[in-house]
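File shown: protein_35.cif. Contents: mmCIF, C-alpha atoms.
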data_data
loop_
_atom_site.group_PDB
_atom_site.id
_atom_site.type_symbol
_atom_site.label_atom_id
_atom_site.label_comp_id
_atom_site.auth_asym_id
_atom_site.auth_seq_id
_atom_site.Cartn_x
_atom_site.Cartn_y
_atom_site.Cartn_z
ATOM 1 C CA MET A 1 98.910 46.741 -176.703
ATOM 2 C CA ASN A 2 98.449 43.496 -174.832
ATOM 3 C CA THR A 3 98.010 43.226 -171.056
ATOM 4 C CA GLN A 4 101.742 42.739 -170.442
ATOM 5 C CA ALA A 5 102.620 45.878 -172.427
ATOM 6 C CA ILE A 6 99.928 47.942 -170.690
ATOM 7 C CA ALA A 7 101.124 46.742 -167.275
ATOM 8 C CA LYS A 8 104.730 47.599 -168.125
ATOM 9 C CA ARG A 9 103.759 51.071 -169.381
ATOM 10 C CA LEU A 10 101.604 51.777 -166.307
ATOM 11 C CA VAL A 11 104.486 50.870 -163.996
ATOM 12 C CA GLU A 12 106.897 53.003 -166.028
ATOM 13 C CA LEU A 13 104.666 56.075 -165.863
ATOM 14 C CA CYS A 14 103.731 55.608 -162.199
ATOM 15 C CA ARG A 15 107.390 55.302 -161.205
ATOM 16 C CA GLN A 16 107.900 58.693 -162.877
ATOM 17 C CA GLY A 17 104.909 60.158 -161.008
ATOM 18 C CA LYS A 18 102.986 60.608 -164.281
ATOM 19 C CA TYR A 19 99.648 59.242 -163.075
ATOM 20 C CA GLU A 20 97.453 61.502 -165.230
ATOM 21 C CA GLN A 21 99.489 60.667 -168.334
ATOM 22 C CA ALA A 22 99.021 56.977 -167.516
ATOM 23 C CA GLN A 23 95.275 57.491 -167.281
ATOM 24 C CA ASP A 24 95.165 59.441 -170.544
ATOM 25 C CA GLU A 25 97.183 56.795 -172.418
ATOM 26 C CA LEU A 26 95.972 53.565 -170.884
ATOM 27 C CA TYR A 27 92.460 53.919 -169.449
ATOM 28 C CA ALA A 28 89.124 53.455 -171.195
ATOM 29 C CA ASP A 29 86.696 56.377 -171.036
ATOM 30 C CA ASP A 30 84.257 54.265 -169.002
ATOM 31 C CA ALA A 31 86.830 52.731 -166.621
ATOM 32 C CA VAL A 32 85.861 52.187 -162.981
ATOM 33 C CA SER A 33 87.927 52.721 -159.842
ATOM 34 C CA ILE A 34 87.050 50.678 -156.738
ATOM 35 C CA GLU A 35 88.260 51.403 -153.187
ATOM 36 C CA MET A 36 88.077 49.260 -150.067
ATOM 37 C CA GLU A 37 84.807 48.936 -148.171
ATOM 38 C CA GLY A 38 84.579 50.599 -144.777
ATOM 39 C CA LEU A 39 86.276 53.886 -145.589
ATOM 40 C CA PRO A 40 85.501 56.775 -143.222
ATOM 41 C CA PRO A 41 82.979 59.424 -144.327
ATOM 42 C CA GLY A 42 84.460 61.972 -146.710
ATOM 43 C CA SER A 43 86.974 59.524 -148.146
ATOM 44 C CA LEU A 44 87.420 59.156 -151.871
ATOM 45 C CA GLY A 45 85.232 56.258 -152.928
ATOM 46 C CA ASN A 46 84.278 54.329 -156.029
ATOM 47 C CA VAL A 47 83.926 56.239 -159.279
ATOM 48 C CA LYS A 48 83.086 55.503 -162.903
ATOM 49 C CA GLY A 49 84.482 57.266 -165.940
ATOM 50 C CA LEU A 50 87.901 58.587 -166.795
ATOM 51 C CA GLU A 51 87.117 62.173 -165.790
ATOM 52 C CA ALA A 52 85.871 60.990 -162.386
ATOM 53 C CA ILE A 53 89.064 58.934 -161.935
ATOM 54 C CA ARG A 54 91.155 62.003 -162.794
ATOM 55 C CA GLU A 55 89.199 64.111 -160.297
ATOM 56 C CA LYS A 56 89.626 61.456 -157.621
ATOM 57 C CA GLY A 57 93.400 61.632 -158.191
ATOM 58 C CA ARG A 58 93.389 65.433 -158.010
ATOM 59 C CA GLN A 59 91.490 65.344 -154.718
ATOM 60 C CA PHE A 60 93.848 62.726 -153.296
ATOM 61 C CA ASN A 61 96.898 64.794 -154.285
ATOM 62 C CA ALA A 62 95.342 67.974 -152.853
ATOM 63 C CA GLY A 63 95.234 66.259 -149.455
ATOM 64 C CA ILE A 64 98.979 65.563 -149.448
ATOM 65 C CA GLU A 65 101.200 68.031 -147.647
ATOM 66 C CA ALA A 66 104.535 66.307 -148.347
ATOM 67 C CA MET A 67 105.758 63.134 -150.068
ATOM 68 C CA HIS A 68 108.597 61.324 -148.335
ATOM 69 C CA GLY A 69 108.869 58.284 -150.593
ATOM 70 C CA GLY A 70 107.087 55.456 -152.314
ATOM 71 C CA SER A 71 107.451 52.610 -154.738
ATOM 72 C CA VAL A 72 105.700 50.767 -157.539
ATOM 73 C CA GLY A 73 106.375 47.041 -157.802
ATOM 74 C CA ASP A 74 106.708 44.933 -160.895
ATOM 75 C CA PRO A 75 103.437 43.675 -162.390
ATOM 76 C CA VAL A 76 102.123 40.122 -162.210
ATOM 77 C CA VAL A 77 100.043 39.345 -165.302
ATOM 78 C CA ALA A 78 97.364 36.651 -165.745
ATOM 79 C CA GLY A 79 95.231 36.833 -168.883
ATOM 80 C CA ASN A 80 93.452 40.189 -169.009
ATOM 81 C CA TRP A 81 94.389 41.027 -165.404
ATOM 82 C CA PHE A 82 97.491 42.314 -163.681
ATOM 83 C CA SER A 83 98.415 43.371 -160.185
ATOM 84 C CA LEU A 84 101.200 45.311 -158.541
ATOM 85 C CA VAL A 85 102.161 46.625 -155.126
ATOM 86 C CA MET A 86 102.324 50.362 -154.463
ATOM 87 C CA THR A 87 103.678 51.992 -151.330
ATOM 88 C CA MET A 88 103.624 55.595 -150.205
ATOM 89 C CA ASP A 89 105.097 57.533 -147.308
ATOM 90 C CA ALA A 90 103.326 60.887 -147.144
ATOM 91 C CA THR A 91 102.185 63.579 -144.759
ATOM 92 C CA PHE A 92 98.490 64.285 -145.239
ATOM 93 C CA LYS A 93 96.942 67.651 -144.354
ATOM 94 C CA GLU A 94 94.234 66.175 -142.135
ATOM 95 C CA ARG A 95 95.834 62.929 -140.921
ATOM 96 C CA GLY A 96 99.561 63.511 -140.497
ATOM 97 C CA ARG A 97 102.299 61.236 -141.763
ATOM 98 C CA MET A 98 101.280 57.776 -142.929
ATOM 99 C CA LYS A 99 102.949 54.858 -144.631
ATOM 100 C CA MET A 100 100.556 53.112 -146.990
ATOM 101 C CA GLU A 101 100.820 49.766 -148.773
ATOM 102 C CA GLU A 102 98.295 48.447 -151.257
ATOM 103 C CA ILE A 103 97.780 45.811 -153.877
ATOM 104 C CA CYS A 104 96.395 47.292 -157.080
ATOM 105 C CA VAL A 105 94.496 45.034 -159.484
ATOM 106 C CA TYR A 106 93.706 46.063 -163.056
ATOM 107 C CA GLN A 107 91.519 44.572 -165.772
ATOM 108 C CA VAL A 108 92.303 45.150 -169.456
ATOM 109 C CA ARG A 109 89.823 44.914 -172.325
ATOM 110 C CA SER A 110 90.279 46.114 -175.921
ATOM 111 C CA ASP A 111 93.795 47.380 -175.138
ATOM 112 C CA LYS A 112 92.651 49.692 -172.306
ATOM 113 C CA ILE A 113 92.390 49.484 -168.527
ATOM 114 C CA VAL A 114 88.678 49.183 -167.736
ATOM 115 C CA ARG A 115 88.899 48.535 -163.984
ATOM 116 C CA GLU A 116 91.241 49.348 -161.143
ATOM 117 C CA GLN A 117 90.697 48.077 -157.625
ATOM 118 C CA PHE A 118 92.763 48.767 -154.538
ATOM 119 C CA PHE A 119 93.283 46.489 -151.530
ATOM 120 C CA TYR A 120 94.701 47.942 -148.308
ATOM 121 C CA ASP A 121 94.060 48.065 -144.572
ATOM 122 C CA VAL A 122 91.369 50.579 -143.630
ATOM 123 C CA GLY A 123 91.711 52.419 -140.353
#
For the file at hand, write its structure as structure tokens.
Amino acid sequence: MNTQAIAKRLVELCRQGKYEQAQDELYADDAVSIEMEGLPPGSLGNVKGLEAIREKGRQFNAGIEAMHGGSVGDPVVAGNWFSLVMTMDATFKERGRMKMEEICVYQVRSDKIVREQFFYDVG
């Protein structure tokens, strides 16, 4: 699969809420996940490896009390990179209801996502 096809498939699966399936299908075993600098203590940070990325997702989901909505934008592809906008409206167990917006950037190599990095306001 080329970068465009991987981007399209990731969006398709994320819009269906199938994040773990997306990781299983599209991510390299040694992929990295990078969060914003300046996160508060105890926040989910940077991880390396597909199992660590899965665990990070499980921990994030465990902190959600209720989902009220969200969206996944269409990808913008340039070479081996693509980006998309994700939004979420959720009530978190420790922090209450929050609306989140982020730009997600992905790198593809050898037909797999090898890097994901998220850009959002911290605070």
Please evaluate the PyMOL selection byres ((chain A and resi 47) around 7) against the displayed coordinates and give the resulting residues as number ranges by chain.
-> A: 32-34, 45-46, 48-49, 52-53
List, as a ChimeraX atom specification, every residue that the PyMOL selection byres ((chain A and resi 89) around 10) selects in the file provided.
-> /A:66-71,87-88,90-92,97-101
Where does the PyMOL selection byres ((chain A and resi 105) around 12) land in this file, that is, which residues does it pick, as an MDAnalysis selection string?
-> chainID A and resid 7 10 32:35 75:78 80:86 102:104 106:108 113:120
Do a neighbour search on Met1 (chain A) at 10 Å with only C-alpha atoms, toss out local chain neighbours closer than 5 positions, and write the hits as a ChimeraX atom specification.
-> /A:6-7,9,26,108,110-112
Restricting it to C-alpha atoms, dump the selection as a PDB file, in the frame of the given file.
ATOM      1  CA  ILE A   6      99.928  47.942-170.690  1.00  0.00           C
ATOM      2  CA  ALA A   7     101.124  46.742-167.275  1.00  0.00           C
ATOM      3  CA  ARG A   9     103.759  51.071-169.381  1.00  0.00           C
ATOM      4  CA  LEU A  26      95.972  53.565-170.884  1.00  0.00           C
ATOM      5  CA  VAL A 108      92.303  45.150-169.456  1.00  0.00           C
ATOM      6  CA  SER A 110      90.279  46.114-175.921  1.00  0.00           C
ATOM      7  CA  ASP A 111      93.795  47.380-175.138  1.00  0.00           C
ATOM      8  CA  LYS A 112      92.651  49.692-172.306  1.00  0.00           C
TER       9      LYS A 112
END
If you take every atom of region 34-51 of chain A that the file lists and fit an axis-aligned box around them with 4 Å extra on each side, what centre and edge lengths come out in Å to one decimal, as AutoDock Vina command-line options?
--center_x 85.6 --center_y 55.6 --center_z -155.0 --size_x 13.3 --size_y 21.2 --size_z 31.6
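Shortest separation to Tyr27 (chain A) among A:Leu13, A:Leu44, A:Leu50, A:Ala62 occurs at residue A:Leu50, atoms counted being only C-alpha atoms.
Straight-line separation from CA of Glu12 (chain A) to CA of Asp30 (chain A): 22.9 Å.
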Point-to-point distance from CA of Gln16 (chain A) to CA of Gly96 (chain A), Å rounded to tenths | 24.4 Å
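Counting all atoms listed in the file and comparing A:Asp29, A:Glu94, A:Asp121, A:Asp24, the residue that lies closest to Phe60 (chain A) is A:Glu94.
Here CA of Leu39 (chain A) and CA of Gly63 (chain A) stand 15.8 Å from one another.
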Shortest contact to Ala31 (chain A), candidates A:Lys8, A:Arg58, A:Arg109, A:Lys93, atoms counted all atoms listed in the file, goes to A:Arg109
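Of the residues under consideration (A:Ala22, A:Arg54, A:Val122, A:Gly79), A:Val122 shows the shortest atom-to-atom contact distance to Gly38 (chain A) when counting all atoms listed in the file.
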Select, from A:Val72, A:Tyr19, A:Glu25, A:Arg95, the residue with the minimum atom-to-atom distance to Lys56 (chain A), counting only C-alpha atoms.
-> A:Tyr19
Please reconstruct the missing atoms of region 51-85 of chain A (target: N, CA and C atoms) and return them as a JSON list (two decimals), in the coordinates of the input.
[["chain", "number", "residue", "atom", "x", "y", "z"],
["A", 51, "GLU", "N", 87.07, 60.84, -166.41],
["A", 51, "GLU", "CA", 87.12, 62.17, -165.79],
["A", 51, "GLU", "C", 86.93, 62.07, -164.28],
["A", 52, "ALA", "N", 86.07, 61.19, -163.82],
["A", 52, "ALA", "CA", 85.87, 60.99, -162.39],
["A", 52, "ALA", "C", 87.12, 60.40, -161.74],
["A", 53, "ILE", "N", 87.81, 59.50, -162.44],
["A", 53, "ILE", "CA", 89.06, 58.93, -161.94],
["A", 53, "ILE", "C", 90.12, 60.03, -161.83],
["A", 54, "ARG", "N", 90.20, 60.89, -162.84],
["A", 54, "ARG", "CA", 91.16, 62.00, -162.79],
["A", 54, "ARG", "C", 90.86, 62.91, -161.60],
["A", 55, "GLU", "N", 89.59, 63.23, -161.40],
["A", 55, "GLU", "CA", 89.20, 64.11, -160.30],
["A", 55, "GLU", "C", 89.51, 63.47, -158.95],
["A", 56, "LYS", "N", 89.29, 62.19, -158.84],
["A", 56, "LYS", "CA", 89.63, 61.46, -157.62],
["A", 56, "LYS", "C", 91.13, 61.59, -157.33],
["A", 57, "GLY", "N", 91.95, 61.46, -158.35],
["A", 57, "GLY", "CA", 93.40, 61.63, -158.19],
["A", 57, "GLY", "C", 93.77, 63.04, -157.78],
["A", 58, "ARG", "N", 93.11, 64.04, -158.37],
["A", 58, "ARG", "CA", 93.39, 65.43, -158.01],
["A", 58, "ARG", "C", 93.03, 65.69, -156.55],
["A", 59, "GLN", "N", 91.90, 65.17, -156.11],
["A", 59, "GLN", "CA", 91.49, 65.34, -154.72],
["A", 59, "GLN", "C", 92.46, 64.64, -153.77],
["A", 60, "PHE", "N", 92.89, 63.45, -154.12],
["A", 60, "PHE", "CA", 93.85, 62.73, -153.30],
["A", 60, "PHE", "C", 95.14, 63.54, -153.17],
["A", 61, "ASN", "N", 95.65, 64.02, -154.29],
["A", 61, "ASN", "CA", 96.90, 64.79, -154.28],
["A", 61, "ASN", "C", 96.75, 66.10, -153.52],
["A", 62, "ALA", "N", 95.57, 66.72, -153.58],
["A", 62, "ALA", "CA", 95.34, 67.97, -152.85],
["A", 62, "ALA", "C", 95.42, 67.77, -151.34],
["A", 63, "GLY", "N", 95.17, 66.55, -150.88],
["A", 63, "GLY", "CA", 95.23, 66.26, -149.46],
["A", 63, "GLY", "C", 96.63, 65.93, -148.95],
["A", 64, "ILE", "N", 97.61, 65.90, -149.84],
["A", 64, "ILE", "CA", 98.98, 65.56, -149.45],
["A", 64, "ILE", "C", 99.77, 66.84, -149.18],
["A", 65, "GLU", "N", 100.36, 66.89, -148.02],
["A", 65, "GLU", "CA", 101.20, 68.03, -147.65],
["A", 65, "GLU", "C", 102.64, 67.83, -148.11],
["A", 66, "ALA", "N", 103.16, 66.60, -147.94],
["A", 66, "ALA", "CA", 104.54, 66.31, -148.35],
["A", 66, "ALA", "C", 104.67, 64.82, -148.66],
["A", 67, "MET", "N", 105.44, 64.53, -149.72],
["A", 67, "MET", "CA", 105.76, 63.13, -150.07],
["A", 67, "MET", "C", 107.17, 62.84, -149.57],
["A", 68, "HIS", "N", 107.31, 61.71, -148.88],
["A", 68, "HIS", "CA", 108.60, 61.32, -148.34],
["A", 68, "HIS", "C", 109.19, 60.12, -149.07],
["A", 69, "GLY", "N", 108.37, 59.43, -149.86],
["A", 69, "GLY", "CA", 108.87, 58.28, -150.59],
["A", 69, "GLY", "C", 107.73, 57.40, -151.05],
["A", 70, "GLY", "N", 108.08, 56.40, -151.82],
["A", 70, "GLY", "CA", 107.09, 55.46, -152.31],
["A", 70, "GLY", "C", 107.72, 54.55, -153.34],
["A", 71, "SER", "N", 106.95, 53.55, -153.74],
["A", 71, "SER", "CA", 107.45, 52.61, -154.74],
["A", 71, "SER", "C", 106.30, 52.00, -155.52],
["A", 72, "VAL", "N", 106.64, 51.49, -156.69],
["A", 72, "VAL", "CA", 105.70, 50.77, -157.54],
["A", 72, "VAL", "C", 106.38, 49.47, -157.91],
["A", 73, "GLY", "N", 105.78, 48.35, -157.54],
["A", 73, "GLY", "CA", 106.38, 47.04, -157.80],
["A", 73, "GLY", "C", 106.20, 46.61, -159.25],
["A", 74, "ASP", "N", 106.83, 45.52, -159.56],
["A", 74, "ASP", "CA", 106.71, 44.93, -160.90],
["A", 74, "ASP", "C", 105.35, 44.23, -161.03],
["A", 75, "PRO", "N", 104.76, 44.28, -162.21],
["A", 75, "PRO", "CA", 103.44, 43.68, -162.39],
["A", 75, "PRO", "C", 103.48, 42.15, -162.48],
["A", 76, "VAL", "N", 102.38, 41.55, -162.04],
["A", 76, "VAL", "CA", 102.12, 40.12, -162.21],
["A", 76, "VAL", "C", 100.91, 40.03, -163.14],
["A", 77, "VAL", "N", 101.07, 39.37, -164.27],
["A", 77, "VAL", "CA", 100.04, 39.34, -165.30],
["A", 77, "VAL", "C", 99.44, 37.95, -165.41],
["A", 78, "ALA", "N", 98.10, 37.90, -165.51],
["A", 78, "ALA", "CA", 97.36, 36.65, -165.74],
["A", 78, "ALA", "C", 96.20, 36.97, -166.67],
["A", 79, "GLY", "N", 96.31, 36.57, -167.92],
["A", 79, "GLY", "CA", 95.23, 36.83, -168.88],
["A", 79, "GLY", "C", 95.03, 38.32, -169.08],
["A", 80, "ASN", "N", 93.81, 38.77, -168.85],
["A", 80, "ASN", "CA", 93.45, 40.19, -169.01],
["A", 80, "ASN", "C", 93.58, 40.97, -167.71],
["A", 81, "TRP", "N", 94.26, 40.40, -166.72],
["A", 81, "TRP", "CA", 94.39, 41.03, -165.40],
["A", 81, "TRP", "C", 95.87, 41.19, -165.06],
["A", 82, "PHE", "N", 96.16, 42.22, -164.27],
["A", 82, "PHE", "CA", 97.49, 42.31, -163.68],
["A", 82, "PHE", "C", 97.39, 43.01, -162.33],
["A", 83, "SER", "N", 98.38, 42.75, -161.50],
["A", 83, "SER", "CA", 98.42, 43.37, -160.18],
["A", 83, "SER", "C", 99.83, 43.87, -159.91],
["A", 84, "LEU", "N", 99.91, 44.81, -158.98],
["A", 84, "LEU", "CA", 101.20, 45.31, -158.54],
["A", 84, "LEU", "C", 101.04, 45.90, -157.15],
["A", 85, "VAL", "N", 102.15, 46.04, -156.46],
["A", 85, "VAL", "CA", 102.16, 46.62, -155.13],
["A", 85, "VAL", "C", 102.62, 48.06, -155.24]]
